[in-house]
>>> print(open('data_13.cif').read())   # mmCIF, C-alpha atoms
data_my_file
loop_
_atom_site.group_PDB
_atom_site.id
_atom_site.type_symbol
_atom_site.label_atom_id
_atom_site.label_comp_id
_atom_site.auth_asym_id
_atom_site.auth_seq_id
_atom_site.Cartn_x
_atom_site.Cartn_y
_atom_site.Cartn_z
ATOM 1 C CA MET A 275 20.895 25.206 -15.893
ATOM 2 C CA THR A 276 24.120 23.609 -14.658
ATOM 3 C CA ALA A 277 24.140 20.187 -13.032
ATOM 4 C CA GLY A 278 23.484 20.291 -9.317
ATOM 5 C CA SER A 279 21.661 23.618 -9.263
ATOM 6 C CA LEU A 280 18.121 22.154 -9.235
ATOM 7 C CA ARG A 281 16.285 23.024 -6.018
ATOM 8 C CA VAL A 282 13.989 20.110 -5.194
ATOM 9 C CA GLY A 283 11.144 20.396 -2.718
ATOM 10 C CA PHE A 284 9.769 17.134 -1.374
ATOM 11 C CA ALA A 285 6.322 16.136 -0.085
ATOM 12 C CA GLY A 286 5.743 12.670 1.355
ATOM 13 C CA THR A 287 5.014 10.772 4.536
ATOM 14 C CA PRO A 288 5.486 6.953 4.769
ATOM 15 C CA PRO A 289 8.518 4.674 4.184
ATOM 16 C CA PHE A 290 7.759 4.517 0.419
ATOM 17 C CA ALA A 291 8.364 8.268 0.270
ATOM 18 C CA ALA A 292 11.351 8.215 2.621
ATOM 19 C CA GLU A 293 13.220 5.867 0.270
ATOM 20 C CA ALA A 294 12.705 8.324 -2.580
ATOM 21 C CA LEU A 295 13.896 11.259 -0.469
ATOM 22 C CA ALA A 296 16.999 9.307 0.570
ATOM 23 C CA ALA A 297 17.819 8.639 -3.098
ATOM 24 C CA ILE A 298 17.351 12.308 -4.028
ATOM 25 C CA LEU A 299 19.680 13.377 -1.217
ATOM 26 C CA GLY A 300 22.157 10.645 -2.103
ATOM 27 C CA ALA A 301 22.274 11.902 -5.681
ATOM 28 C CA GLY A 302 23.340 15.324 -4.426
ATOM 29 C CA PHE A 303 20.239 17.374 -5.206
ATOM 30 C CA ALA A 304 19.582 20.388 -3.001
ATOM 31 C CA VAL A 305 16.400 19.946 -0.932
ATOM 32 C CA PRO A 306 15.513 23.251 0.756
ATOM 33 C CA VAL A 307 12.158 22.136 2.214
ATOM 34 C CA VAL A 308 10.222 18.977 3.049
ATOM 35 C CA LEU A 309 6.468 18.729 3.572
ATOM 36 C CA THR A 310 4.961 15.825 5.490
ATOM 37 C CA ARG A 311 1.764 15.042 7.356
ATOM 38 C CA PRO A 312 1.398 16.221 10.977
ATOM 39 C CA ASP A 313 2.706 13.811 13.618
ATOM 40 C CA ARG A 314 0.039 11.323 14.693
ATOM 41 C CA PRO A 315 -0.473 8.881 17.570
ATOM 42 C CA GLN A 316 0.426 5.330 16.587
ATOM 43 C CA GLY A 317 0.428 1.859 18.096
ATOM 44 C CA ARG A 318 -1.325 0.578 21.178
ATOM 45 C CA GLY A 319 0.219 3.248 23.353
ATOM 46 C CA LEU A 320 -0.896 5.978 20.933
ATOM 47 C CA LYS A 321 2.527 7.555 21.129
ATOM 48 C CA VAL A 322 2.915 10.560 18.843
ATOM 49 C CA VAL A 323 5.724 9.787 16.401
ATOM 50 C CA PRO A 324 7.132 11.636 13.386
ATOM 51 C CA SER A 325 6.719 10.229 9.890
ATOM 52 C CA PRO A 326 9.658 8.382 8.281
ATOM 53 C CA VAL A 327 10.068 11.324 5.902
ATOM 54 C CA LYS A 328 10.278 13.795 8.778
ATOM 55 C CA GLU A 329 12.837 11.662 10.603
ATOM 56 C CA LEU A 330 15.037 11.539 7.512
ATOM 57 C CA ALA A 331 14.696 15.255 6.803
ATOM 58 C CA VAL A 332 15.521 16.224 10.384
ATOM 59 C CA ALA A 333 18.570 13.937 10.317
ATOM 60 C CA HIS A 334 19.803 15.874 7.262
ATOM 61 C CA GLY A 335 19.020 19.270 8.741
ATOM 62 C CA ILE A 336 16.287 20.058 6.205
ATOM 63 C CA PRO A 337 13.451 22.385 7.286
ATOM 64 C CA VAL A 338 10.210 20.404 7.702
ATOM 65 C CA LEU A 339 6.712 21.848 7.306
ATOM 66 C CA GLN A 340 3.622 19.954 8.468
ATOM 67 C CA PRO A 341 0.512 21.863 7.403
ATOM 68 C CA ALA A 342 -2.839 20.266 8.182
ATOM 69 C CA THR A 343 -4.095 21.467 4.796
ATOM 70 C CA LEU A 344 -2.784 23.196 1.697
ATOM 71 C CA LYS A 345 -6.209 24.303 0.495
ATOM 72 C CA THR A 346 -6.116 27.644 2.282
ATOM 73 C CA PRO A 347 -3.686 30.532 1.666
ATOM 74 C CA GLU A 348 -2.691 30.366 5.335
ATOM 75 C CA GLY A 349 -2.011 26.608 5.155
ATOM 76 C CA ARG A 350 0.357 26.871 2.183
ATOM 77 C CA ALA A 351 1.912 30.298 2.720
ATOM 78 C CA GLU A 352 5.028 29.111 4.566
ATOM 79 C CA ALA A 353 5.730 26.424 1.983
ATOM 80 C CA THR A 354 5.222 28.505 -1.127
ATOM 81 C CA ALA A 355 7.489 31.202 0.282
ATOM 82 C CA VAL A 356 10.414 28.819 -0.287
ATOM 83 C CA ARG A 357 11.999 29.019 -3.740
ATOM 84 C CA ILE A 358 12.129 25.627 -5.440
ATOM 85 C CA ASP A 359 12.386 24.485 -9.057
ATOM 86 C CA VAL A 360 10.315 21.305 -8.723
ATOM 87 C CA LEU A 361 8.275 19.543 -6.037
ATOM 88 C CA VAL A 362 8.578 15.757 -5.830
ATOM 89 C CA VAL A 363 5.476 14.145 -4.321
ATOM 90 C CA ALA A 364 5.337 10.572 -3.031
ATOM 91 C CA ALA A 365 2.456 9.237 -0.916
ATOM 92 C CA TYR A 366 2.071 12.624 0.736
ATOM 93 C CA GLY A 367 -1.539 12.287 1.857
ATOM 94 C CA LEU A 368 -2.759 15.833 1.164
ATOM 95 C CA ILE A 369 -4.423 17.131 -1.987
ATOM 96 C CA LEU A 370 -2.370 19.744 -3.825
ATOM 97 C CA PRO A 371 -4.556 22.662 -4.968
ATOM 98 C CA PRO A 372 -3.766 24.598 -8.167
ATOM 99 C CA ALA A 373 -1.826 27.229 -6.218
ATOM 100 C CA VAL A 374 0.613 24.551 -4.998
ATOM 101 C CA LEU A 375 0.847 22.830 -8.391
ATOM 102 C CA ALA A 376 1.919 26.199 -9.811
ATOM 103 C CA TRP A 377 4.392 26.948 -7.002
ATOM 104 C CA PRO A 378 7.610 25.431 -8.507
ATOM 105 C CA ARG A 379 8.656 26.663 -11.944
ATOM 106 C CA HIS A 380 8.831 23.072 -13.244
ATOM 107 C CA GLY A 381 5.638 22.061 -11.477
ATOM 108 C CA CYS A 382 5.093 18.964 -9.322
ATOM 109 C CA ILE A 383 6.251 15.420 -10.120
ATOM 110 C CA ASN A 384 4.556 12.424 -8.513
ATOM 111 C CA ILE A 385 5.915 8.920 -7.894
ATOM 112 C CA HIS A 386 2.916 6.608 -8.304
ATOM 113 C CA ALA A 387 3.006 2.906 -7.386
ATOM 114 C CA SER A 388 1.409 1.469 -10.532
ATOM 115 C CA LYS A 389 1.791 1.394 -14.300
ATOM 116 C CA LEU A 390 -0.628 4.173 -15.182
ATOM 117 C CA PRO A 391 -3.360 4.464 -16.262
ATOM 118 C CA ARG A 392 -4.112 1.245 -14.346
ATOM 119 C CA TRP A 393 -4.809 1.806 -10.641
ATOM 120 C CA ARG A 394 -5.016 5.545 -10.305
ATOM 121 C CA GLY A 395 -5.832 6.474 -6.717
ATOM 122 C CA ALA A 396 -5.056 5.727 -3.099
ATOM 123 C CA ALA A 397 -4.309 1.983 -2.879
ATOM 124 C CA PRO A 398 -2.672 0.796 -6.120
ATOM 125 C CA ILE A 399 -0.539 -1.936 -4.553
ATOM 126 C CA GLN A 400 -3.373 -3.681 -2.698
ATOM 127 C CA ARG A 401 -5.740 -3.318 -5.653
ATOM 128 C CA ALA A 402 -3.269 -4.910 -8.048
ATOM 129 C CA LEU A 403 -2.906 -7.934 -5.761
ATOM 130 C CA LEU A 404 -6.649 -8.147 -5.085
ATOM 131 C CA ALA A 405 -7.291 -8.226 -8.819
ATOM 132 C CA GLY A 406 -4.754 -11.003 -9.343
ATOM 133 C CA ASP A 407 -2.657 -8.824 -11.678
ATOM 134 C CA ALA A 408 0.406 -10.510 -13.150
ATOM 135 C CA GLY A 409 2.436 -7.341 -12.829
ATOM 136 C CA THR A 410 2.544 -3.730 -11.701
ATOM 137 C CA GLY A 411 5.138 -0.982 -11.692
ATOM 138 C CA VAL A 412 5.977 2.638 -10.945
ATOM 139 C CA THR A 413 5.105 5.724 -12.970
ATOM 140 C CA VAL A 414 6.740 9.103 -12.485
ATOM 141 C CA MET A 415 4.229 11.660 -13.742
ATOM 142 C CA GLN A 416 3.749 15.391 -14.068
ATOM 143 C CA MET A 417 0.919 16.323 -11.739
ATOM 144 C CA ASP A 418 -2.206 18.137 -12.867
ATOM 145 C CA GLU A 419 -5.508 18.827 -11.111
ATOM 146 C CA GLY A 420 -6.920 15.346 -11.848
ATOM 147 C CA LEU A 421 -6.513 12.139 -9.853
ATOM 148 C CA ASP A 422 -3.255 10.709 -11.213
ATOM 149 C CA THR A 423 -4.195 11.863 -14.704
ATOM 150 C CA GLY A 424 -1.078 13.848 -15.633
ATOM 151 C CA PRO A 425 1.356 12.976 -18.415
ATOM 152 C CA MET A 426 3.906 10.236 -17.793
ATOM 153 C CA LEU A 427 7.611 11.034 -17.543
ATOM 154 C CA LEU A 428 9.179 7.652 -16.737
ATOM 155 C CA ALA A 429 7.809 4.186 -15.954
ATOM 156 C CA GLN A 430 9.107 0.747 -15.067
ATOM 157 C CA ALA A 431 7.226 -2.546 -14.768
ATOM 158 C CA THR A 432 7.751 -5.448 -12.369
ATOM 159 C CA PRO A 433 6.026 -8.864 -12.152
ATOM 160 C CA ILE A 434 3.831 -9.956 -9.258
ATOM 161 C CA THR A 435 4.581 -13.530 -8.207
ATOM 162 C CA GLY A 436 2.397 -15.969 -6.310
ATOM 163 C CA GLU A 437 4.604 -15.446 -3.260
ATOM 164 C CA ASP A 438 4.326 -11.669 -3.246
ATOM 165 C CA THR A 439 2.482 -9.763 -0.534
ATOM 166 C CA GLY A 440 1.470 -6.151 -0.226
ATOM 167 C CA GLY A 441 4.654 -5.664 1.781
ATOM 168 C CA SER A 442 7.038 -7.266 -0.692
ATOM 169 C CA VAL A 443 5.522 -5.426 -3.661
ATOM 170 C CA HIS A 444 5.624 -2.154 -1.691
ATOM 171 C CA ASP A 445 9.317 -2.581 -0.926
ATOM 172 C CA ARG A 446 10.166 -3.458 -4.524
ATOM 173 C CA LEU A 447 8.207 -0.503 -5.909
ATOM 174 C CA ALA A 448 9.768 1.848 -3.348
ATOM 175 C CA GLY A 449 13.199 0.896 -4.668
ATOM 176 C CA ILE A 450 12.109 1.330 -8.284
ATOM 177 C CA GLY A 451 10.495 4.674 -7.495
ATOM 178 C CA ALA A 452 13.661 5.913 -5.812
ATOM 179 C CA GLN A 453 15.737 5.039 -8.873
ATOM 180 C CA LEU A 454 13.249 6.540 -11.337
ATOM 181 C CA ILE A 455 12.903 9.863 -9.538
ATOM 182 C CA VAL A 456 16.669 10.398 -9.558
ATOM 183 C CA GLN A 457 16.685 9.662 -13.304
ATOM 184 C CA ALA A 458 13.754 12.024 -13.836
ATOM 185 C CA LEU A 459 15.418 14.870 -11.953
ATOM 186 C CA ALA A 460 18.677 14.380 -13.866
ATOM 187 C CA ARG A 461 16.767 14.542 -17.162
ATOM 188 C CA LEU A 462 14.861 17.605 -15.958
ATOM 189 C CA GLU A 463 18.182 19.344 -15.262
ATOM 190 C CA SER A 464 19.492 18.493 -18.723
ATOM 191 C CA GLY A 465 16.264 19.390 -20.489
ATOM 192 C CA ALA A 466 15.734 15.818 -21.682
ATOM 193 C CA LEU A 467 12.545 15.017 -19.741
ATOM 194 C CA ARG A 468 9.650 14.496 -22.161
ATOM 195 C CA PRO A 469 6.043 14.067 -20.952
ATOM 196 C CA VAL A 470 3.815 11.496 -22.672
ATOM 197 C CA PRO A 471 0.011 11.593 -22.276
ATOM 198 C CA GLN A 472 -1.520 8.605 -20.514
ATOM 199 C CA PRO A 473 -3.422 6.140 -22.719
ATOM 200 C CA GLU A 474 -7.178 6.640 -22.728
ATOM 201 C CA GLN A 475 -7.767 2.886 -22.534
ATOM 202 C CA GLY A 476 -7.161 0.726 -19.457
ATOM 203 C CA VAL A 477 -8.021 3.258 -16.754
ATOM 204 C CA THR A 478 -8.898 1.730 -13.366
ATOM 205 C CA TYR A 479 -9.234 3.311 -9.929
ATOM 206 C CA ALA A 480 -7.609 2.064 -6.741
ATOM 207 C CA ALA A 481 -10.108 3.069 -4.077
ATOM 208 C CA LYS A 482 -8.953 3.361 -0.473
ATOM 209 C CA ILE A 483 -9.045 0.099 1.484
ATOM 210 C CA GLU A 484 -11.845 0.071 4.062
ATOM 211 C CA LYS A 485 -11.834 -1.911 7.324
ATOM 212 C CA SER A 486 -14.911 -3.815 6.180
ATOM 213 C CA GLN A 487 -12.782 -5.410 3.454
ATOM 214 C CA MET A 488 -10.557 -7.131 6.002
ATOM 215 C CA ALA A 489 -13.140 -9.847 6.700
ATOM 216 C CA ILE A 490 -12.689 -12.949 4.552
ATOM 217 C CA ASP A 491 -15.661 -14.114 2.514
ATOM 218 C CA TRP A 492 -15.157 -17.874 2.330
ATOM 219 C CA ARG A 493 -17.837 -18.074 -0.371
ATOM 220 C CA GLU A 494 -15.288 -16.719 -2.830
ATOM 221 C CA PRO A 495 -12.931 -19.065 -4.729
ATOM 222 C CA ALA A 496 -9.875 -20.124 -2.758
ATOM 223 C CA ALA A 497 -7.488 -18.370 -5.162
ATOM 224 C CA ARG A 498 -9.341 -15.081 -4.725
ATOM 225 C CA VAL A 499 -9.280 -15.369 -0.924
ATOM 226 C CA ALA A 500 -5.538 -16.068 -1.087
ATOM 227 C CA ASP A 501 -5.041 -12.942 -3.206
ATOM 228 C CA ARG A 502 -6.855 -10.884 -0.569
ATOM 229 C CA ILE A 503 -4.693 -12.289 2.227
ATOM 230 C CA ARG A 504 -1.517 -11.468 0.281
ATOM 231 C CA ALA A 505 -2.773 -8.001 -0.640
ATOM 232 C CA PHE A 506 -3.507 -7.073 2.980
ATOM 233 C CA ASP A 507 -0.171 -8.284 4.390
ATOM 234 C CA PRO A 508 1.172 -6.394 6.331
ATOM 235 C CA PHE A 509 -1.690 -3.858 6.377
ATOM 236 C CA PRO A 510 -4.510 -3.979 7.301
ATOM 237 C CA GLY A 511 -4.519 -7.794 7.545
ATOM 238 C CA CYS A 512 -7.362 -10.236 6.815
ATOM 239 C CA THR A 513 -9.710 -11.407 9.557
ATOM 240 C CA ALA A 514 -11.830 -14.501 10.112
ATOM 241 C CA ARG A 515 -14.045 -15.275 13.111
ATOM 242 C CA LEU A 516 -14.728 -18.710 14.554
ATOM 243 C CA ALA A 517 -18.282 -19.052 15.846
ATOM 244 C CA ARG A 518 -17.057 -19.711 19.430
ATOM 245 C CA LEU A 519 -14.915 -16.568 19.616
ATOM 246 C CA PRO A 520 -15.992 -12.964 20.224
ATOM 247 C CA GLU A 521 -13.021 -11.538 18.314
ATOM 248 C CA PRO A 522 -11.663 -12.521 14.907
ATOM 249 C CA LEU A 523 -8.337 -14.158 14.170
ATOM 250 C CA LYS A 524 -5.977 -12.719 11.583
ATOM 251 C CA ILE A 525 -4.933 -14.851 8.635
ATOM 252 C CA TRP A 526 -1.559 -13.809 7.237
ATOM 253 C CA ARG A 527 -0.567 -16.531 4.804
ATOM 254 C CA ALA A 528 -2.495 -19.228 2.971
ATOM 255 C CA ARG A 529 -2.193 -21.575 0.006
ATOM 256 C CA PRO A 530 -5.130 -22.272 -2.312
ATOM 257 C CA LEU A 531 -5.907 -25.940 -2.949
ATOM 258 C CA ALA A 532 -7.588 -27.180 -6.087
ATOM 259 C CA ALA A 533 -10.918 -28.976 -5.751
ATOM 260 C CA ALA A 534 -9.232 -32.318 -6.506
ATOM 261 C CA GLU A 535 -6.973 -31.937 -3.465
ATOM 262 C CA VAL A 536 -9.959 -31.749 -1.102
ATOM 263 C CA ALA A 537 -12.442 -33.974 -2.918
ATOM 264 C CA ALA A 538 -12.143 -36.738 -0.323
ATOM 265 C CA ALA A 539 -13.588 -34.464 2.349
ATOM 266 C CA GLY A 540 -16.881 -34.179 0.474
ATOM 267 C CA PRO A 541 -18.924 -30.989 0.124
ATOM 268 C CA SER A 542 -18.716 -28.554 3.027
ATOM 269 C CA ALA A 543 -20.204 -25.145 3.682
ATOM 270 C CA PRO A 544 -17.753 -22.291 2.940
ATOM 271 C CA GLY A 545 -15.733 -21.444 6.043
ATOM 272 C CA THR A 546 -15.811 -25.013 7.418
ATOM 273 C CA VAL A 547 -12.546 -26.539 8.664
ATOM 274 C CA ILE A 548 -12.384 -29.718 6.596
ATOM 275 C CA ARG A 549 -8.956 -30.934 7.634
ATOM 276 C CA ARG A 550 -6.753 -30.280 10.639
ATOM 277 C CA SER A 551 -3.335 -31.791 11.277
ATOM 278 C CA GLY A 552 -0.112 -30.700 12.949
ATOM 279 C CA ASP A 553 0.920 -28.389 10.158
ATOM 280 C CA GLU A 554 -2.279 -27.982 8.192
ATOM 281 C CA LEU A 555 -5.594 -26.213 8.660
ATOM 282 C CA VAL A 556 -7.754 -26.504 5.544
ATOM 283 C CA VAL A 557 -10.898 -24.386 5.168
ATOM 284 C CA ALA A 558 -13.573 -24.869 2.522
ATOM 285 C CA CYS A 559 -14.206 -22.020 0.099
ATOM 286 C CA GLY A 560 -16.853 -21.398 -2.514
ATOM 287 C CA GLU A 561 -14.514 -23.075 -4.975
ATOM 288 C CA GLY A 562 -11.644 -25.247 -3.744
ATOM 289 C CA ALA A 563 -10.182 -24.776 -0.287
ATOM 290 C CA LEU A 564 -7.516 -22.817 1.524
ATOM 291 C CA SER A 565 -4.649 -24.247 3.546
ATOM 292 C CA LEU A 566 -3.913 -21.660 6.247
ATOM 293 C CA GLN A 567 -0.174 -21.227 6.795
ATOM 294 C CA GLU A 568 0.189 -18.348 9.284
ATOM 295 C CA LEU A 569 -2.332 -17.064 11.837
ATOM 296 C CA GLN A 570 -2.592 -14.667 14.768
ATOM 297 C CA LYS A 571 -4.991 -14.671 17.698
ATOM 298 C CA PRO A 572 -6.141 -11.425 19.348
ATOM 299 C CA GLY A 573 -3.317 -9.987 21.421
ATOM 300 C CA GLY A 574 -0.878 -12.581 20.079
ATOM 301 C CA ARG A 575 1.750 -12.591 17.384
ATOM 302 C CA ARG A 576 1.933 -14.061 13.908
ATOM 303 C CA LEU A 577 2.676 -17.783 14.095
ATOM 304 C CA PRO A 578 3.185 -20.631 11.630
ATOM 305 C CA VAL A 579 0.134 -22.882 11.657
ATOM 306 C CA ARG A 580 1.855 -25.683 13.622
ATOM 307 C CA GLU A 581 2.815 -23.329 16.468
ATOM 308 C CA PHE A 582 -0.572 -21.638 16.360
ATOM 309 C CA LEU A 583 -2.509 -24.917 16.652
ATOM 310 C CA SER A 584 -0.321 -26.169 19.499
ATOM 311 C CA GLY A 585 -1.553 -23.318 21.702
ATOM 312 C CA PHE A 586 -4.927 -22.660 20.111
ATOM 313 C CA PRO A 587 -6.694 -25.878 19.092
ATOM 314 C CA VAL A 588 -9.093 -25.747 16.157
ATOM 315 C CA ALA A 589 -11.082 -28.873 15.317
ATOM 316 C CA ALA A 590 -12.259 -30.210 11.971
ATOM 317 C CA GLY A 591 -15.924 -29.303 11.555
ATOM 318 C CA GLU A 592 -15.611 -25.880 13.186
ATOM 319 C CA ARG A 593 -16.647 -23.011 10.960
ATOM 320 C CA PHE A 594 -15.407 -19.521 10.258
ATOM 321 C CA SER A 595 -18.126 -16.954 9.622
ATOM 322 C CA CYS A 596 -18.314 -15.530 6.110
ATOM 323 C CA ALA A 597 -17.999 -11.775 5.672
ATOM 324 C CA GLY A 598 -21.318 -10.086 6.384
ATOM 325 C CA GLU A 599 -22.916 -13.012 8.228
ATOM 326 C CA GLU A 600 -22.622 -11.391 11.650
ATOM 327 C CA LYS A 601 -24.357 -8.276 10.368
ATOM 328 C CA SER A 602 -27.143 -10.243 8.678
ATOM 329 C CA GLU A 603 -27.737 -12.294 11.815
ATOM 330 C CA ALA A 604 -27.952 -9.192 14.052
#
>>> encode(input="data_13.cif", output="structure tokens")
Amino acid sequence: MTAGSLRVGFAGTPPFAAEALAAILGAGFAVPVVLTRPDRPQGRGLKVVPSPVKELAVAHGIPVLQPATLKTPEGRAEATAVRIDVLVVAAYGLILPPAVLAWPRHGCINIHASKLPRWRGAAPIQRALLAGDAGTGVTVMQMDEGLDTGPMLLAQATPITGEDTGGSVHDRLAGIGAQLIVQALARLESGALRPVPQPEQGVTYAAKIEKSQMAIDWREPAARVADRIRAFDPFPGCTARLARLPEPLKIWRARPLAAAEVAAAGPSAPGTVIRRSGDELVVACGEGALSLQELQKPGGRRLPVREFLSGFPVAAGERFSCAGEEKSEA
């Protein structure tokens, strides 16, 4: 096969995938078809908008298919009628049945946002941050019928710092994934791509994030609560409800304090505001305390704590409910 003759199909939906598609196009690979999820209503106005992948494909004049499912012959017929050599998959959102995995002659290659076999599944970035992992990465893998179980083709690691959020890690991994997929396709063209089975040890699963996990449980250690806040920034966000309010606030940024830093306040029930000043709102946790740095009231915007408190006073002694307390009190 001569360089440049590889016909690359692409299946993906969000910005993570769009960055990979842009890199594939920039490298000069022919992309005869793009699959993405059907357009959906978004935002408060529920305006129907195309996915980032669709926008990019349309801008490049690439045919776009948006099947609701690929599980039926009717749902996949239009796609599989297109001749491609390989299908690149990145955060597509639909399960690929065996008939689709067998469609391209080189099979399907997935860009997965973790160092496999750790964090197979739907939410690897958030799960890595929630677990307090020191690092993560991207794995380009040959897809099989399992959940992210196929052999690895390329991988690259990256550290997770104490300042990282779900958003910053996402953006970094999107860039790494875009670079790796171009390398993988070049090696596929030259015949130099070699699959390596995933290790049997170290398998973990990154289950989908549920809305119920947004609520902060102040009974947890401060460092663990801070990890949750970072993991859920920018989506779906962490929530905390003051007893006097019907709707929860969103907490976007916070710094864990060691027990010694809050010892003078004495013991307080988890969720209690133990210190409040112009630029500080400290809340007791099960271990240590959390200094809230950025908050958002319902219908408002994200604000640094000083600006937030100037328009939304919170007093020392007030208490945020712990996750599950409202349900248990009902």
>>> atom_distance(input="data_13.cif", atom1="atom CA of Arg575 of chain A", atom2="atom CA of Arg446 of chain A")
25.2 Å
>>> atom_distance(input="data_13.cif", atom1="atom CA of Gly449 of chain A", atom2="atom CA of Leu361 of chain A")
19.3 Å
>>> residues_around(input="data_13.cif", residues="Asp418 of chain A", least_positions_apart="4", cutoff="9 Å", atoms="all atoms listed in the file", output="PyMOL selection string")
chain A and resi 372+375+381-382+422-425
>>> closest_residue(input="data_13.cif", among="A:Lys482, A:Arg350, A:His444, A:Arg468", to="Ala396 of chain A", atoms="all atoms listed in the file")
A:Lys482
>>> atom_distance(input="data_13.cif", atom1="atom CA of Gly451 of chain A", atom2="atom CA of Ile385 of chain A")
6.3 Å
>>> residues_around(input="data_13.cif", residues="segment 552-560 of chain A", least_positions_apart="6", cutoff="10 Å", atoms="all atoms listed in the file", output="compact mmCIF listing (two decimals) with C-alpha atoms, in the frame of the given file")
# COMPACT_ATOMS: atom_id res chain seq x y z
CA ASP A 491 -15.66 -14.11 2.51
CA TRP A 492 -15.16 -17.87 2.33
CA ARG A 493 -17.84 -18.07 -0.37
CA GLU A 494 -15.29 -16.72 -2.83
CA PRO A 495 -12.93 -19.07 -4.73
CA ALA A 496 -9.88 -20.12 -2.76
CA ALA A 497 -7.49 -18.37 -5.16
CA ARG A 498 -9.34 -15.08 -4.72
CA VAL A 499 -9.28 -15.37 -0.92
CA ALA A 528 -2.50 -19.23 2.97
CA ARG A 529 -2.19 -21.58 0.01
CA PRO A 530 -5.13 -22.27 -2.31
CA LEU A 531 -5.91 -25.94 -2.95
CA ALA A 533 -10.92 -28.98 -5.75
CA VAL A 536 -9.96 -31.75 -1.10
CA ALA A 539 -13.59 -34.46 2.35
CA PRO A 541 -18.92 -30.99 0.12
CA SER A 542 -18.72 -28.55 3.03
CA ALA A 543 -20.20 -25.14 3.68
CA PRO A 544 -17.75 -22.29 2.94
CA GLY A 545 -15.73 -21.44 6.04
CA THR A 546 -15.81 -25.01 7.42
CA LEU A 566 -3.91 -21.66 6.25
CA GLN A 567 -0.17 -21.23 6.80
CA GLU A 568 0.19 -18.35 9.28
CA PRO A 578 3.18 -20.63 11.63
CA VAL A 579 0.13 -22.88 11.66
CA ARG A 580 1.86 -25.68 13.62
CA GLU A 581 2.82 -23.33 16.47
CA PHE A 582 -0.57 -21.64 16.36
CA LEU A 583 -2.51 -24.92 16.65
CA SER A 584 -0.32 -26.17 19.50
CA VAL A 588 -9.09 -25.75 16.16
CA ALA A 589 -11.08 -28.87 15.32
CA ALA A 590 -12.26 -30.21 11.97
CA GLY A 591 -15.92 -29.30 11.56
CA GLU A 592 -15.61 -25.88 13.19
CA ARG A 593 -16.65 -23.01 10.96
CA PHE A 594 -15.41 -19.52 10.26
CA CYS A 596 -18.31 -15.53 6.11
